[in-house]
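> Just dropping this structure here.
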Amino acid sequence: MYLQDVALILQLIELDTYLEEVNENMSKKQVVSSTINGQQVEFLTEPQQSLLECLRDTLGLTGSKEGCNDGNCGACSVLIDDRLVNACLMLGMEIDGKDVVTVEGLSNIHELHPIQEAFVLEDGLQCGYCTPGFIVATKALLDKNANPTEDEIRFWLAGNLCRCTGYDKIVRSVRLASQLMNDANEDLQ
Amino acid sequence: MSKKMIERDKHISVGTRPERMDAKDKVTGHALYGTDISLPGLLHGRVLRSPHAHARIVSIDTSKAEALPGVFAVVIANDLPEADDRTEKAGESTINYKFLRDNNLASDKVLYVGHAVAALAAKSPDVAQTALESIEVEYEILEPVLDVRHAMSDQTQVLHEQIRTDGPDGSGDTPSNIAQHIRHVKGDLNKGFSDADVIVEREFTTVPVHQSYLESHAATAVWSMDGTLTIYSSTQGAFLARNQVSELLQYPMAKIKVIPTEVGGAFGGKNPTYVEAPAALLARKTGRPVRVVMSREEVILGTGPGSGTAIKVKVGATKLGKITAVQAELCYEAGAYPGSPVHPGAMAMFAAYDIPNGQIDGYDVLVNKPRVAAYRAPGAPQSAFACEQIIDEVAQNLGMDGVEFRMKNAASEGTVRLDGSLHKSIAIKEILGVIEDHPHYNEPIEGPNQGRGVAIGFWDNWGARSSVEINVNSDGTVNLISGSVDLTGSRTTVAMQAADVLEIPFDNVKSSMVDTDSISYTDTSAGSRTTMATGLAAVEAARDVLAKLKVEVADMWNVSLDSVIYSQGVFGTTESNSESITFADLAAKLSGQINGHGNVNVENWAGAGGGTIVDVEVDPETGQVKVLRCTAIQNAGKAIHPGHVEGQMQGGVVQGIGWALYEGYQYDELGHVLNANLLDYKLPTSLDVPSVEAVIIEKPFPSNPYGARGVGETPIISPAPAIANAIQQALGKRIDQLPMTPTRLLEKIGVI
């Protein structure tokens, strides 16, 4: 159904106008080179575009969400050189030479990250829109502190808004994630 | 429709906690929401909004914007055909198409700051945003009407010259901002109050509160050469969205395909459409797909929150603790167009009690604020804030425990409500019993400036129409499709019910939400109806599958249809012991060409009661209130998936804490919203709330064969009054305004 629609639209668009637009856009753009989810990536960005726009619109990584576009909801949380940031508050150009991890980078098609597994097992999501941000924020927390207390979890996650769950099941998910990751580390050792 | 309940021993996946079908896609970022839809050649639509709260549009000149490079089309109200003056039910709320048209794109007047005036499509969001500034609108500014009581007086500007009050004694003869006046009367009010030993009277006010779903409104429209309009929409109801677009564009339903995306929260606010019709107009003009996504500021300014209210209430009771009479006046802001939730607010207000004499007057009042939309138990948090505080105060004046007083007056099955309806089984006494016995209610409060509050609430829920189809595959798995938009897990809870009727493992059912071309009409996911009503449709569809399979079996074995039996996934016949075939083997034999339909219209459903116990600590120096502990009690009928029910309860309570302590629109005197962002409009964070303990009680009701009742809305009703009652206990002061901010508390304490 989706592909049919795409094919139809391609027929409808006047190709000349479309290409003209594409070319015009190219001329203003600058090249950014960075590592995103473990892969070396080069992409073009206009100077005023936020990292969130670049991730979502240019690179097709729509897992990071826009909730407020001013750094108050955390739905666009990503890791840049292991630091937790709101992608809406950075420019695309600022990640040149940096290492970026988005929610898409935590799992592959075969296996969930233990944090993701924990959110699934504990029903730590409802509508799911804030979930990628919470999962990335949780990764940042557990990378620093493998055994956070409930207070530490609540403090760390206060930059991420969830409107559906009331946070209890999210806190439980983080605790389970901590346990799963510690168990996995013990198994490795 | 069968009213027979399915026996407990047939609950296999029902009552367990399987993994949500949509969970993995959502935790990995793969799920596609309305804001994620992208199509080749996509143009970006933006909406120009009114800077004035009340003004006449003198002229709109779009020529400069149209001439800008990168701008493809501009539309204004004239691009929409005239609409019918007709009202349709949408969940607990209503939609009038004439007003909806003006709310999508203002024609003669703008009625609130943020009112949509024009929309345009451009090659990028930046170009679109910049181009909006080139649209020239000349306004004749009018006096804004912002206060509900002021709006009701004769001395004020009216928003709509043509509106007359639709009252209990007929229609008014002069223009008024009171669109409707409803009245519920029961018994003899004067006698009731004269029998009372104690009478308490108070007035309460609340401000508009936004649903604040994290995903803003988003729609992507595209036209095919055959005239099909396809819209990807973040909506609660694909068919409801289709109805609205069909009405707004005067275009046949069959040629509009609404594809519901994953929805990033709705809570009632995504029943009305805002961006779908403008996106469709722009897509038609440009011949390209157009996506319109609102910013957070637009969501707060331009979409419908819950009503601000002014409520007067008076309750009388005897020394023995029996309520003799109640009277209330509910003034609810509708915003720019009629349709506040004053009806359900009035319904819910005293619904948990058996009131012998009472009168409620409700007013639907126009003010220069966005037209309100449903918000989780629409109207009830406001009326409960008043009711449950006054109930508490009467009990205090009688020297009686609040829970005991509520118990003495609790409604039960057969109680006639003030609105004249007869209560079905409602379990209010059971809920009060759980509160009385709960450790939270009985353990002592620890410190100074702490208080404990209790409140209860009742919500009527909704039934309505749902469609489900089940296709049986040749390997014995089944595909279940429904017309319900899955907001918070209904794909899973509906599939669980079908799996149990089919007596196959839950994992063998794949459940999806589909577009409006693919299934018959289904009402919007609102009124806590989906697990109950779409669940019933799934049960009916599963029964239809089994009935058809039994015919096949009878035919295959040449036995009578009546003799065919089905148990634990195996067909047999009472005519012979040797014949048997499993569900999967039969499916293989039939090459998967079996399907079942379930189309239901649930007209007899039951509401649900709930309650909250809460402990707070007030800092007398700062006025800060900390919620220390919170327990929520809810009658779920039957918790199909207890994890989901807990989630609904905890989420509802935390939204209720938001109403109580933080949330609300702030206006200046010209009607500008001062806090149209998520920094200044404060939502509760993980630091602001405790882990809410969810206590589920199960008093089944047979509108759903497992006994499930709607659970989504009730939990938001009682937290705010429970917190107010707790603050009263801590401070000895009653707070009569929402939100109960530190400033209000300090004023009450006398610090400022």
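Residues are referred to by chain and number: the chain letter is A, B, ... according to the order shown in the structure tokens, the number counts from 1 in that chain, and ligands are numbered separately from 1 in the order shown.
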Can you tell me which residues surround region 57-64 of chain A at a distance of at most 9 Å, considering only C-alpha atoms, apart from same-chain residues fewer than 3 positions away, and format the answer as a list of chain:residue names?
A:Phe43, A:Leu44, A:Thr45, A:Leu52, A:Glu53, A:Cys54, A:Ala75, A:Cys76, A:Ser77, A:Val78, A:Ala87, A:Thr102, A:Val103, A:Glu104, A:Tyr129, A:Cys130, A:Pro132, A:Gly133, B:Lys26, B:Val27, B:Thr28, B:Gly29, B:His30, B:Ala31, B:Leu32, B:Thr35, B:Asp36, B:Ser38
> So that I have them on file, write out the residues from the current selection with N, CA and C atoms, as a tab-separated table (two decimals), in the first residue's frame.

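File selection-v1.tsv, as written:
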chain	number	residue	atom	x	y	z
A	43	PHE	N	27.10	13.88	5.34
A	43	PHE	CA	25.81	14.39	4.88
A	43	PHE	C	25.87	15.89	4.72
A	44	LEU	N	24.87	16.42	4.03
A	44	LEU	CA	24.82	17.86	3.78
A	44	LEU	C	23.81	18.50	4.71
A	45	THR	N	24.17	19.66	5.23
A	45	THR	CA	23.20	20.36	6.07
A	45	THR	C	23.25	21.86	5.79
A	52	LEU	N	18.54	17.54	15.15
A	52	LEU	CA	17.33	16.72	15.09
A	52	LEU	C	16.76	16.70	13.66
A	53	GLU	N	16.72	17.87	13.02
A	53	GLU	CA	16.25	17.91	11.63
A	53	GLU	C	17.14	17.06	10.73
A	54	CYS	N	18.44	17.18	10.93
A	54	CYS	CA	19.37	16.41	10.09
A	54	CYS	C	19.13	14.91	10.29
A	75	ALA	N	12.56	14.12	24.14
A	75	ALA	CA	12.17	13.07	23.18
A	75	ALA	C	13.23	12.88	22.09
A	76	CYS	N	14.13	13.85	21.96
A	76	CYS	CA	15.16	13.77	20.93
A	76	CYS	C	16.53	13.45	21.52
A	77	SER	N	16.54	12.87	22.73
A	77	SER	CA	17.81	12.59	23.40
A	77	SER	C	18.71	11.70	22.54
A	78	VAL	N	19.95	12.12	22.36
A	78	VAL	CA	20.96	11.30	21.68
A	78	VAL	C	22.26	11.41	22.49
A	87	ALA	N	18.92	16.65	20.78
A	87	ALA	CA	19.35	16.91	19.40
A	87	ALA	C	18.72	18.18	18.84
A	102	THR	N	22.09	7.24	18.32
A	102	THR	CA	20.64	7.45	18.46
A	102	THR	C	20.00	6.14	18.90
A	103	VAL	N	18.71	6.17	19.15
A	103	VAL	CA	18.02	4.95	19.60
A	103	VAL	C	18.21	3.82	18.60
A	104	GLU	N	18.30	4.17	17.32
A	104	GLU	CA	18.44	3.13	16.30
A	104	GLU	C	19.77	2.40	16.43
A	129	TYR	N	6.04	7.48	22.19
A	129	TYR	CA	6.68	8.62	21.52
A	129	TYR	C	7.89	9.14	22.30
A	130	CYS	N	7.79	9.11	23.62
A	130	CYS	CA	8.91	9.58	24.44
A	130	CYS	C	9.94	8.48	24.64
A	132	PRO	N	12.02	6.43	22.84
A	132	PRO	CA	13.42	6.48	22.37
A	132	PRO	C	14.28	7.40	23.22
A	133	GLY	N	13.73	8.54	23.60
A	133	GLY	CA	14.48	9.49	24.43
A	133	GLY	C	14.80	8.89	25.79
B	26	LYS	N	8.48	0.25	19.04
B	26	LYS	CA	8.52	1.54	19.73
B	26	LYS	C	9.81	1.73	20.53
B	27	VAL	N	10.35	0.66	21.09
B	27	VAL	CA	11.59	0.84	21.86
B	27	VAL	C	12.81	0.97	20.95
B	28	THR	N	12.67	0.60	19.70
B	28	THR	CA	13.82	0.69	18.79
B	28	THR	C	13.75	1.92	17.91
B	29	GLY	N	12.66	2.68	17.99
B	29	GLY	CA	12.54	3.87	17.15
B	29	GLY	C	12.02	3.57	15.76
B	30	HIS	N	11.56	2.36	15.52
B	30	HIS	CA	11.08	2.02	14.17
B	30	HIS	C	9.62	2.38	13.93
B	31	ALA	N	8.84	2.51	14.99
B	31	ALA	CA	7.41	2.80	14.82
B	31	ALA	C	7.24	4.15	14.12
B	32	LEU	N	6.32	4.21	13.18
B	32	LEU	CA	6.12	5.45	12.42
B	32	LEU	C	4.91	6.21	12.95
B	35	THR	N	4.25	12.36	12.67
B	35	THR	CA	5.34	13.29	12.37
B	35	THR	C	6.46	12.64	11.57
B	36	ASP	N	6.46	11.30	11.45
B	36	ASP	CA	7.55	10.59	10.78
B	36	ASP	C	7.27	10.32	9.31
B	38	SER	N	7.02	10.49	5.56
B	38	SER	CA	7.67	11.26	4.50
B	38	SER	C	7.40	10.57	3.17
> Near Leu157 (chain A), within 9 Å and counting only C-alpha atoms, which residues show up once chain neighbours fewer than 5 positions away are dropped, as a PDB file with C-alpha atoms, in the first residue's frame?

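Result file is out22.pdb:
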ATOM      1  CA  GLY A  74      13.924  15.009  25.970  1.00  0.00           C
ATOM      2  CA  PHE A 134      14.051   7.610  27.696  1.00  0.00           C
ATOM      3  CA  ALA A 137      18.861   8.712  28.528  1.00  0.00           C
ATOM      4  CA  THR A 138      18.831   5.411  30.410  1.00  0.00           C
ATOM      5  CA  LEU A 141      22.753   6.807  33.091  1.00  0.00           C
ATOM      6  CA  GLU A 152      19.014   8.583  41.137  1.00  0.00           C
ATOM      7  CA  VAL A 171      11.590   3.492  36.684  1.00  0.00           C
TER       8      VAL A 171
ATOM      9  CA  THR B 685       8.412  14.940  35.654  1.00  0.00           C
ATOM     10  CA  SER B 686       9.690  11.748  37.240  1.00  0.00           C
ATOM     11  CA  LEU B 687      11.013  13.870  40.124  1.00  0.00           C
TER      12      LEU B 687
END
> Tell me the residues of chain A close to chain B, meaning within 6 Å using only C-alpha atoms, as a list in words.
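So the contacting residues turn out to be Gly63, Gly67, Cys68, Asn72, Glu104, Gln116, Val120, Gln126, Cys127, Gly128, Tyr129, Pro132, Arg154, Phe155, Ala158, Leu161, Cys164, Thr165, Gly166, Tyr167 and Asp168 of chain A.
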> Keeping N, CA and C atoms for every residue in the selection just given, could you write it to a file as a compact mmCIF listing (two decimals), in the first residue's frame?

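Wrote part.txt, looks like this:
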# COMPACT_ATOMS: atom_id res chain seq x y z
N GLY A 63 13.76 7.80 14.66
CA GLY A 63 13.56 7.31 16.03
C GLY A 63 13.63 8.43 17.05
N GLY A 67 9.33 16.74 20.41
CA GLY A 67 8.17 16.97 21.26
C GLY A 67 7.96 18.44 21.51
N CYS A 68 9.07 19.20 21.61
CA CYS A 68 8.94 20.61 21.96
C CYS A 68 9.86 21.51 21.14
N ASN A 72 12.98 20.92 26.27
CA ASN A 72 12.24 20.70 27.51
C ASN A 72 11.62 19.32 27.67
N GLU A 104 18.30 4.17 17.32
CA GLU A 104 18.44 3.13 16.30
C GLU A 104 19.77 2.40 16.43
N GLN A 116 16.23 -1.84 26.06
CA GLN A 116 14.99 -1.95 25.27
C GLN A 116 14.17 -3.16 25.72
N VAL A 120 10.31 -3.32 27.30
CA VAL A 120 9.27 -4.20 26.77
C VAL A 120 8.70 -5.07 27.89
N GLN A 126 3.74 3.49 26.74
CA GLN A 126 2.36 3.39 26.26
C GLN A 126 2.29 3.88 24.82
N CYS A 127 2.20 5.19 24.62
CA CYS A 127 2.15 5.64 23.23
C CYS A 127 3.50 5.45 22.55
N GLY A 128 4.57 5.45 23.32
CA GLY A 128 5.89 5.14 22.79
C GLY A 128 6.65 6.32 22.21
N TYR A 129 6.04 7.48 22.19
CA TYR A 129 6.68 8.62 21.52
C TYR A 129 7.89 9.14 22.30
N PRO A 132 12.02 6.43 22.84
CA PRO A 132 13.42 6.48 22.37
C PRO A 132 14.28 7.40 23.22
N ARG A 154 15.14 8.71 39.04
CA ARG A 154 14.15 9.79 38.86
C ARG A 154 14.83 11.13 38.60
N PHE A 155 15.95 11.35 39.28
CA PHE A 155 16.67 12.61 39.08
C PHE A 155 17.23 12.67 37.65
N ALA A 158 14.63 13.25 34.85
CA ALA A 158 13.72 14.40 34.97
C ALA A 158 13.76 15.30 33.74
N LEU A 161 10.19 13.99 29.43
CA LEU A 161 8.77 13.99 29.80
C LEU A 161 8.08 12.77 29.22
N CYS A 164 2.16 9.54 29.38
CA CYS A 164 1.25 8.38 29.48
C CYS A 164 1.43 7.55 30.75
N THR A 165 2.67 7.26 31.12
CA THR A 165 2.87 6.16 32.08
C THR A 165 2.82 6.56 33.54
N GLY A 166 3.04 7.83 33.84
CA GLY A 166 3.17 8.21 35.25
C GLY A 166 4.52 7.82 35.83
N TYR A 167 5.42 7.36 34.98
CA TYR A 167 6.84 7.11 35.27
C TYR A 167 7.14 5.84 36.06
N ASP A 168 6.19 5.28 36.80
CA ASP A 168 6.50 4.13 37.65
C ASP A 168 7.09 2.99 36.83
> Mind pulling up the distance from CA of Thr131 (chain A) to CA of Asp99 (chain A)?
21.7 Å
> Show which residues sit within 7 Å of Ala73 (chain B), as a PyMOL selection string. Count only C-alpha atoms, and ignore same-chain residues fewer than 6 positions away.
chain B and resi 66+120-121+282+285-286
> Could you write out the selected residues, including N, CA and C atoms, as a PDB file, in the first residue's frame?

ATOM      1  N   GLU B  66       2.645  34.014  -2.078  1.00  0.00           N
ATOM      2  CA  GLU B  66       2.562  33.103  -3.227  1.00  0.00           C
ATOM      3  C   GLU B  66       3.715  33.326  -4.202  1.00  0.00           C
ATOM      4  N   LEU B 120       0.099  27.461   4.147  1.00  0.00           N
ATOM      5  CA  LEU B 120       0.838  27.426   2.888  1.00  0.00           C
ATOM      6  C   LEU B 120       1.763  26.227   2.851  1.00  0.00           C
ATOM      7  N   ALA B 121       2.149  25.868   1.612  1.00  0.00           N
ATOM      8  CA  ALA B 121       3.061  24.747   1.420  1.00  0.00           C
ATOM      9  C   ALA B 121       4.313  25.265   0.742  1.00  0.00           C
ATOM     10  N   LEU B 282      -3.881  21.962   0.368  1.00  0.00           N
ATOM     11  CA  LEU B 282      -2.562  22.327  -0.171  1.00  0.00           C
ATOM     12  C   LEU B 282      -2.050  21.248  -1.125  1.00  0.00           C
ATOM     13  N   LYS B 285      -3.863  21.658  -4.403  1.00  0.00           N
ATOM     14  CA  LYS B 285      -3.390  22.808  -5.185  1.00  0.00           C
ATOM     15  C   LYS B 285      -2.023  22.562  -5.810  1.00  0.00           C
ATOM     16  N   THR B 286      -1.176  21.846  -5.081  1.00  0.00           N
ATOM     17  CA  THR B 286       0.206  21.692  -5.545  1.00  0.00           C
ATOM     18  C   THR B 286       0.423  20.417  -6.350  1.00  0.00           C
TER      19      THR B 286
END
> Any idea what's packed within 6 Å of Asn104 (chain B), counting only C-alpha atoms, ignoring anything in its chain fewer than 2 positions away? Could you give it as a count of residues only?
3
> Find the distance between CA of Val545 (chain B) and CA of Gly476 (chain B) and write it in Å to one decimal.
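Answer for the CA of Val545 (chain B) to CA of Gly476 (chain B) separation: 12.2 Å.
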> Enumerate, as a list in words, the complete set of residues in chain A that a backbone-based DSSP assignment places in strand (DSSP E).
Gln30, Val31, Val32, Ser33, Ser34, Thr35, Ile36, Gln39, Gln40, Val41, Glu42, Phe43, Leu44, Thr45, Ser77, Val78, Leu79, Ile80, Arg83, Leu84, Val85, Asn86, Asp99, Val100 and Val101 of chain A
> Measure the distance from CA of Val245 (chain B) to CA of Ala277 (chain B) in Å and round it to one decimal.
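Taking CA of Val245 (chain B) and CA of Ala277 (chain B), their separation equals 5.6 Å.
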> DSSP on the backbone: which residues in region 60-152 of chain A end up as alpha helix (DSSP H)? Give the answer as a PDB file with C-alpha atoms, in the first residue's frame.

ATOM      1  CA  PRO A 114      18.930  -4.977  27.357  1.00  0.00           C
ATOM      2  CA  ILE A 115      17.490  -1.518  28.084  1.00  0.00           C
ATOM      3  CA  GLN A 116      14.986  -1.946  25.273  1.00  0.00           C
ATOM      4  CA  GLU A 117      14.222  -5.469  26.428  1.00  0.00           C
ATOM      5  CA  ALA A 118      13.579  -4.163  29.929  1.00  0.00           C
ATOM      6  CA  PHE A 119      11.140  -1.501  28.704  1.00  0.00           C
ATOM      7  CA  VAL A 120       9.270  -4.199  26.765  1.00  0.00           C
ATOM      8  CA  LEU A 121       9.154  -6.588  29.725  1.00  0.00           C
ATOM      9  CA  THR A 131      10.363   6.059  24.655  1.00  0.00           C
ATOM     10  CA  PRO A 132      13.416   6.476  22.366  1.00  0.00           C
ATOM     11  CA  GLY A 133      14.481   9.488  24.428  1.00  0.00           C
ATOM     12  CA  PHE A 134      14.051   7.610  27.696  1.00  0.00           C
ATOM     13  CA  ILE A 135      16.005   4.645  26.362  1.00  0.00           C
ATOM     14  CA  VAL A 136      18.928   6.788  25.226  1.00  0.00           C
ATOM     15  CA  ALA A 137      18.861   8.712  28.528  1.00  0.00           C
ATOM     16  CA  THR A 138      18.831   5.411  30.410  1.00  0.00           C
ATOM     17  CA  LYS A 139      21.860   4.247  28.455  1.00  0.00           C
ATOM     18  CA  ALA A 140      23.701   7.409  29.462  1.00  0.00           C
ATOM     19  CA  LEU A 141      22.753   6.807  33.091  1.00  0.00           C
ATOM     20  CA  LEU A 142      23.714   3.134  33.227  1.00  0.00           C
ATOM     21  CA  ASP A 143      26.996   3.795  31.449  1.00  0.00           C
ATOM     22  CA  LYS A 144      27.900   6.079  34.370  1.00  0.00           C
ATOM     23  CA  GLU A 150      15.188   4.950  42.467  1.00  0.00           C
ATOM     24  CA  ASP A 151      16.027   8.538  43.456  1.00  0.00           C
ATOM     25  CA  GLU A 152      19.014   8.583  41.137  1.00  0.00           C
TER      26      GLU A 152
END
> Would you pick out the contacts of region 203-210 of chain B at 6 Å or less, using only C-alpha atoms, so that residues sharing its chain but fewer than 4 positions from it are not included, and give the list as a ChimeraX atom specification?
/B:305-312,664-665,736-738
> Can those selected residues be exported to a file as a PDB file, in the first residue's frame so that it contains N, CA and C atoms?

ATOM      1  N   PRO B 305      -7.774  22.504  24.588  1.00  0.00           N
ATOM      2  CA  PRO B 305      -7.473  21.958  25.916  1.00  0.00           C
ATOM      3  C   PRO B 305      -8.761  21.556  26.634  1.00  0.00           C
ATOM      4  N   GLY B 306      -8.653  21.214  27.907  1.00  0.00           N
ATOM      5  CA  GLY B 306      -9.831  21.017  28.747  1.00  0.00           C
ATOM      6  C   GLY B 306     -10.333  22.375  29.235  1.00  0.00           C
ATOM      7  N   SER B 307     -11.610  22.447  29.591  1.00  0.00           N
ATOM      8  CA  SER B 307     -12.256  23.711  29.957  1.00  0.00           C
ATOM      9  C   SER B 307     -11.704  24.340  31.226  1.00  0.00           C
ATOM     10  N   GLY B 308     -11.576  25.649  31.209  1.00  0.00           N
ATOM     11  CA  GLY B 308     -11.496  26.396  32.450  1.00  0.00           C
ATOM     12  C   GLY B 308     -12.907  26.542  32.999  1.00  0.00           C
ATOM     13  N   THR B 309     -13.057  26.619  34.335  1.00  0.00           N
ATOM     14  CA  THR B 309     -14.401  26.610  34.905  1.00  0.00           C
ATOM     15  C   THR B 309     -14.526  27.526  36.122  1.00  0.00           C
ATOM     16  N   ALA B 310     -15.774  27.891  36.406  1.00  0.00           N
ATOM     17  CA  ALA B 310     -16.134  28.501  37.682  1.00  0.00           C
ATOM     18  C   ALA B 310     -17.320  27.683  38.204  1.00  0.00           C
ATOM     19  N   ILE B 311     -17.165  27.153  39.406  1.00  0.00           N
ATOM     20  CA  ILE B 311     -18.170  26.220  39.924  1.00  0.00           C
ATOM     21  C   ILE B 311     -18.596  26.633  41.326  1.00  0.00           C
ATOM     22  N   LYS B 312     -19.918  26.795  41.508  1.00  0.00           N
ATOM     23  CA  LYS B 312     -20.471  27.038  42.842  1.00  0.00           C
ATOM     24  C   LYS B 312     -21.135  25.759  43.306  1.00  0.00           C
ATOM     25  N   GLY B 664      -1.718  24.666  33.680  1.00  0.00           N
ATOM     26  CA  GLY B 664      -2.789  25.592  33.388  1.00  0.00           C
ATOM     27  C   GLY B 664      -2.314  26.695  32.464  1.00  0.00           C
ATOM     28  N   TYR B 665      -3.217  27.135  31.589  1.00  0.00           N
ATOM     29  CA  TYR B 665      -2.909  28.254  30.706  1.00  0.00           C
ATOM     30  C   TYR B 665      -2.860  29.530  31.528  1.00  0.00           C
ATOM     31  N   ASP B 736      -9.160  26.764  46.708  1.00  0.00           N
ATOM     32  CA  ASP B 736     -10.347  26.677  45.848  1.00  0.00           C
ATOM     33  C   ASP B 736     -10.036  26.964  44.378  1.00  0.00           C
ATOM     34  N   GLN B 737      -8.747  26.977  44.037  1.00  0.00           N
ATOM     35  CA  GLN B 737      -8.374  27.246  42.648  1.00  0.00           C
ATOM     36  C   GLN B 737      -7.380  26.203  42.163  1.00  0.00           C
ATOM     37  N   LEU B 738      -7.523  25.828  40.911  1.00  0.00           N
ATOM     38  CA  LEU B 738      -6.511  24.985  40.262  1.00  0.00           C
ATOM     39  C   LEU B 738      -5.740  25.837  39.263  1.00  0.00           C
TER      40      LEU B 738
END
